[in-house]
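The next block holds one structure in the form of structure tokens; read it before the comments.
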Amino acid sequence: MAASEAKVPAPRGGRFAGLLVRALSAIVLAPLLLAAVWYGFPWIDLVAALAAPVMIFEWTRLTRGAPALRLLAWTYSLAALVALLWLRHQPAFGRETLLWVLVCIFATDIGAYFVGRTAGGAKLAPRISPGKTWSGLIGGMAWAAVASAVVGYAFGLGQTVHLAIAGAAVAVVGQAGDLLESAAKRRAGVKDSGRIIPGHGGLLDRVDGLMAVLVAVAIARLIAGDSWPWA
């Protein structure tokens with residue numbers, strides 16, 4: 001069987017299989033990341049320095065035998081890390097913007113997971129990631145919209161309606177990043193990019209959506225310039 005046709009084993013144990021392990025990992029890692037973002041230098045820079053080689057290693061594993069794809073994957077990873085540091089070290093709204101991004105991503109993941117597992121329905125991209133559904137995407141967008149409006153308003157990042165729309169857009173971009181990594185795993189014939197995070201797999205499995213959002217938000221902020229955040 002070709003690598004691109006390799007089947008990923010279906011999860012066992014019901015709709016919410018592995019939820020406890022995933023939750024415990026998130027409880028440990030999320031506060032550390034939020035603290036690094038809150039305090040900034042040197043902690044967020046240390047996070048980026050530690051993440052870079054792990055991400056490069058995992059992408060190398062997923063793109064083995066395809067030098068062009070490997071180069072693109074490395075560039076994408078480094079672009080996401082540069083975006084992370086550039087956004088955080090902005091003198092105006094740097095910390096607030098990055099915290100907003102993280103909260104939107106967390107909300108997207110939670111909403112997509114619970115709504116998708118509960119409602120089920122039509123598959124979003126069955127050839128790439130059979131477990132993802134349109135209901136999960138809609139749930140992620142809804143949760144991200146609410147989280148964006150609440151957190152963004154608290155940080156003074158804009159008007160509620162604009163923030164809700166931005167949150168929903170973040171969810172879509174994050175889902176696209178997730179599918180990108182899923183396609184790479186399908187090509188490699190593996191279920192996870194690694195085993196570094198219990199319940200989640202590799203680092204890329206945890207930050208695939210975040211990477212795409214970081215790049216997108218950094219580009220948006222570059223375009224907005226002094227008008228960031230949006231009114």
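Residue numbers start at 1 in each chain; chains themselves are named A, B, ... in the order of the structure tokens; ligands are numbered from 1 in the order shown.
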
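Residues surrounding region 21-31 of chain A within 10 Å are A:Ala17, A:Gly18, A:Leu19, A:Leu33, A:Leu34, A:Ala35, A:Ala36, A:Val37, A:Leu102, A:Phe106, A:Ile197, A:Pro198, A:Gly199, A:His200, A:Gly201, A:Arg206 [only C-alpha atoms; sequence separation below 2 positions excluded].
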
Output for the residues just chosen: C-alpha atoms as a CSV table (one decimal), in the first residue's frame:
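File again-v7.csv, as written:
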chain,number,residue,atom,x,y,z
A,17,ALA,CA,-11.6,8.5,23.7
A,18,GLY,CA,-8.4,9.9,25.1
A,19,LEU,CA,-10.1,13.0,26.5
A,33,LEU,CA,2.7,28.9,27.3
A,34,LEU,CA,0.4,31.7,28.6
A,35,ALA,CA,2.9,32.6,31.2
A,36,ALA,CA,5.7,32.8,28.6
A,37,VAL,CA,3.5,35.1,26.5
A,102,LEU,CA,-4.0,31.7,21.9
A,106,PHE,CA,-8.0,27.1,22.4
A,197,ILE,CA,2.9,15.3,24.1
A,198,PRO,CA,0.8,12.6,25.8
A,199,GLY,CA,-2.7,12.4,24.2
A,200,HIS,CA,-1.7,14.8,21.4
A,201,GLY,CA,1.2,13.2,19.7
A,206,ARG,CA,-0.6,20.5,19.0

Inset, instruction - Just the residues within 8 Å of region 115-129 of chain A, please, counting only C-alpha atoms, with nothing from its chain fewer than 3 positions along; format it as a ChimeraX atom specification. - result: /A:15-16,111-112,132-137,139-140,179,182-183,186

Could the residues in this selection be saved with C-alpha atoms as a compact mmCIF listing (two decimals), in the first residue's frame?
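Saved file result.txt follows:
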# COMPACT_ATOMS: atom_id res chain seq x y z
CA ARG A 15 -16.66 9.63 21.05
CA PHE A 16 -14.41 11.14 23.70
CA GLY A 111 -15.52 23.81 20.25
CA ALA A 112 -14.53 21.70 17.26
CA LYS A 132 -13.08 16.16 11.07
CA THR A 133 -16.64 17.25 10.34
CA TRP A 134 -18.40 20.36 9.13
CA SER A 135 -20.24 20.49 12.45
CA GLY A 136 -16.87 20.55 14.21
CA LEU A 137 -15.71 23.45 12.05
CA GLY A 139 -18.60 24.63 16.47
CA GLY A 140 -15.01 25.81 16.48
CA LEU A 179 -5.57 20.00 7.52
CA SER A 182 -2.93 16.10 8.38
CA ALA A 183 -2.17 15.89 4.65
CA ARG A 186 -1.34 11.02 5.37

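The nearest approach to Asp205 (chain A) among the residues A:Trp38, A:Trp59, A:Trp43, A:Trp143, with only C-alpha atoms taken into account, belongs to A:Trp59.
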
* Identify, on the basis of only C-alpha atoms, every residue whose closest approach to Ala51 (chain A) does not exceed 12 Å; exclude the query and any residue fewer than 6 positions from it along the same chain; express the result as a list in words. => Leu33, Ile44, Asp45, Phe57, Glu58, Ser77, Leu78, Ala80, Leu81, Val82, Leu84, Ile196, Gly202, Leu203, Leu204, Arg206, Val207 and Met211 of chain A

May I have the selected residues written with N, CA and C atoms, as an mmCIF file, in the first residue's frame?
data_model
loop_
_atom_site.group_PDB
_atom_site.id
_atom_site.type_symbol
_atom_site.label_atom_id
_atom_site.label_comp_id
_atom_site.auth_asym_id
_atom_site.auth_seq_id
_atom_site.Cartn_x
_atom_site.Cartn_y
_atom_site.Cartn_z
ATOM 1 N N LEU A 33 2.663 28.112 28.526
ATOM 2 C CA LEU A 33 2.725 28.937 27.322
ATOM 3 C C LEU A 33 2.134 30.317 27.571
ATOM 4 N N ILE A 44 9.366 33.801 26.237
ATOM 5 C CA ILE A 44 8.764 33.459 24.957
ATOM 6 C C ILE A 44 9.835 33.129 23.933
ATOM 7 N N ASP A 45 10.990 33.785 24.044
ATOM 8 C CA ASP A 45 12.098 33.486 23.141
ATOM 9 C C ASP A 45 12.650 32.089 23.419
ATOM 10 N N PHE A 57 12.487 18.688 13.184
ATOM 11 C CA PHE A 57 12.639 17.229 13.208
ATOM 12 C C PHE A 57 11.358 16.535 12.775
ATOM 13 N N GLU A 58 10.225 16.990 13.297
ATOM 14 C CA GLU A 58 8.959 16.345 12.956
ATOM 15 C C GLU A 58 8.583 16.566 11.499
ATOM 16 N N SER A 77 7.615 26.620 9.269
ATOM 17 C CA SER A 77 7.825 26.559 10.713
ATOM 18 C C SER A 77 8.570 27.795 11.215
ATOM 19 N N LEU A 78 9.630 28.143 10.524
ATOM 20 C CA LEU A 78 10.414 29.308 10.942
ATOM 21 C C LEU A 78 9.603 30.592 10.808
ATOM 22 N N ALA A 80 6.392 30.838 11.218
ATOM 23 C CA ALA A 80 5.461 30.857 12.347
ATOM 24 C C ALA A 80 6.166 31.293 13.631
ATOM 25 N N LEU A 81 7.389 30.829 13.847
ATOM 26 C CA LEU A 81 8.131 31.201 15.053
ATOM 27 C C LEU A 81 8.542 32.671 15.011
ATOM 28 N N VAL A 82 8.945 33.134 13.847
ATOM 29 C CA VAL A 82 9.278 34.561 13.703
ATOM 30 C C VAL A 82 8.032 35.408 13.960
ATOM 31 N N LEU A 84 5.500 34.600 15.832
ATOM 32 C CA LEU A 84 5.255 34.533 17.278
ATOM 33 C C LEU A 84 6.068 35.593 18.015
ATOM 34 N N ILE A 196 5.803 13.364 21.646
ATOM 35 C CA ILE A 196 6.350 14.185 22.721
ATOM 36 C C ILE A 196 5.290 14.649 23.716
ATOM 37 N N GLY A 202 2.765 14.581 18.518
ATOM 38 C CA GLY A 202 3.938 15.433 18.397
ATOM 39 C C GLY A 202 3.612 16.900 18.630
ATOM 40 N N LEU A 203 4.652 17.710 18.611
ATOM 41 C CA LEU A 203 4.457 19.154 18.787
ATOM 42 C C LEU A 203 3.620 19.728 17.649
ATOM 43 N N LEU A 204 3.883 19.279 16.430
ATOM 44 C CA LEU A 204 3.113 19.778 15.294
ATOM 45 C C LEU A 204 1.634 19.447 15.420
ATOM 46 N N ARG A 206 -0.026 19.567 18.004
ATOM 47 C CA ARG A 206 -0.611 20.506 18.959
ATOM 48 C C ARG A 206 -0.642 21.933 18.416
ATOM 49 N N VAL A 207 0.321 22.294 17.557
ATOM 50 C CA VAL A 207 0.428 23.699 17.130
ATOM 51 C C VAL A 207 0.173 23.886 15.642
ATOM 52 N N MET A 211 0.195 27.626 14.077
ATOM 53 C CA MET A 211 1.206 28.100 13.130
ATOM 54 C C MET A 211 0.577 28.923 12.014
#

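The space separating CA of Ala49 (chain A) from CA of Val217 (chain A) comes to 20.7 Å.
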
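Counting only C-alpha atoms, the residue from A:Gly40, A:Gly177, A:Pro229, A:Pro67 that sits nearest to Arg88 (chain A) is A:Gly40.
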
### Query
region 14-184 of chain A: which residues are strand (DSSP E) by DSSP, as a count of residues only?
8

* To do: Write out as a VMD selection string the residues lying within 9 Å of region 150-152 of chain A, counting only C-alpha atoms and excluding same-chain residues fewer than 6 positions away.
  => chain A and resid 96 to 97 99 to 100 103 to 104 158 to 160 163 to 164

Among A:Ala154, A:Ala171, A:Leu32, A:Ala216, Met141 (chain A) is approached most closely, using only C-alpha atoms, by A:Ala171
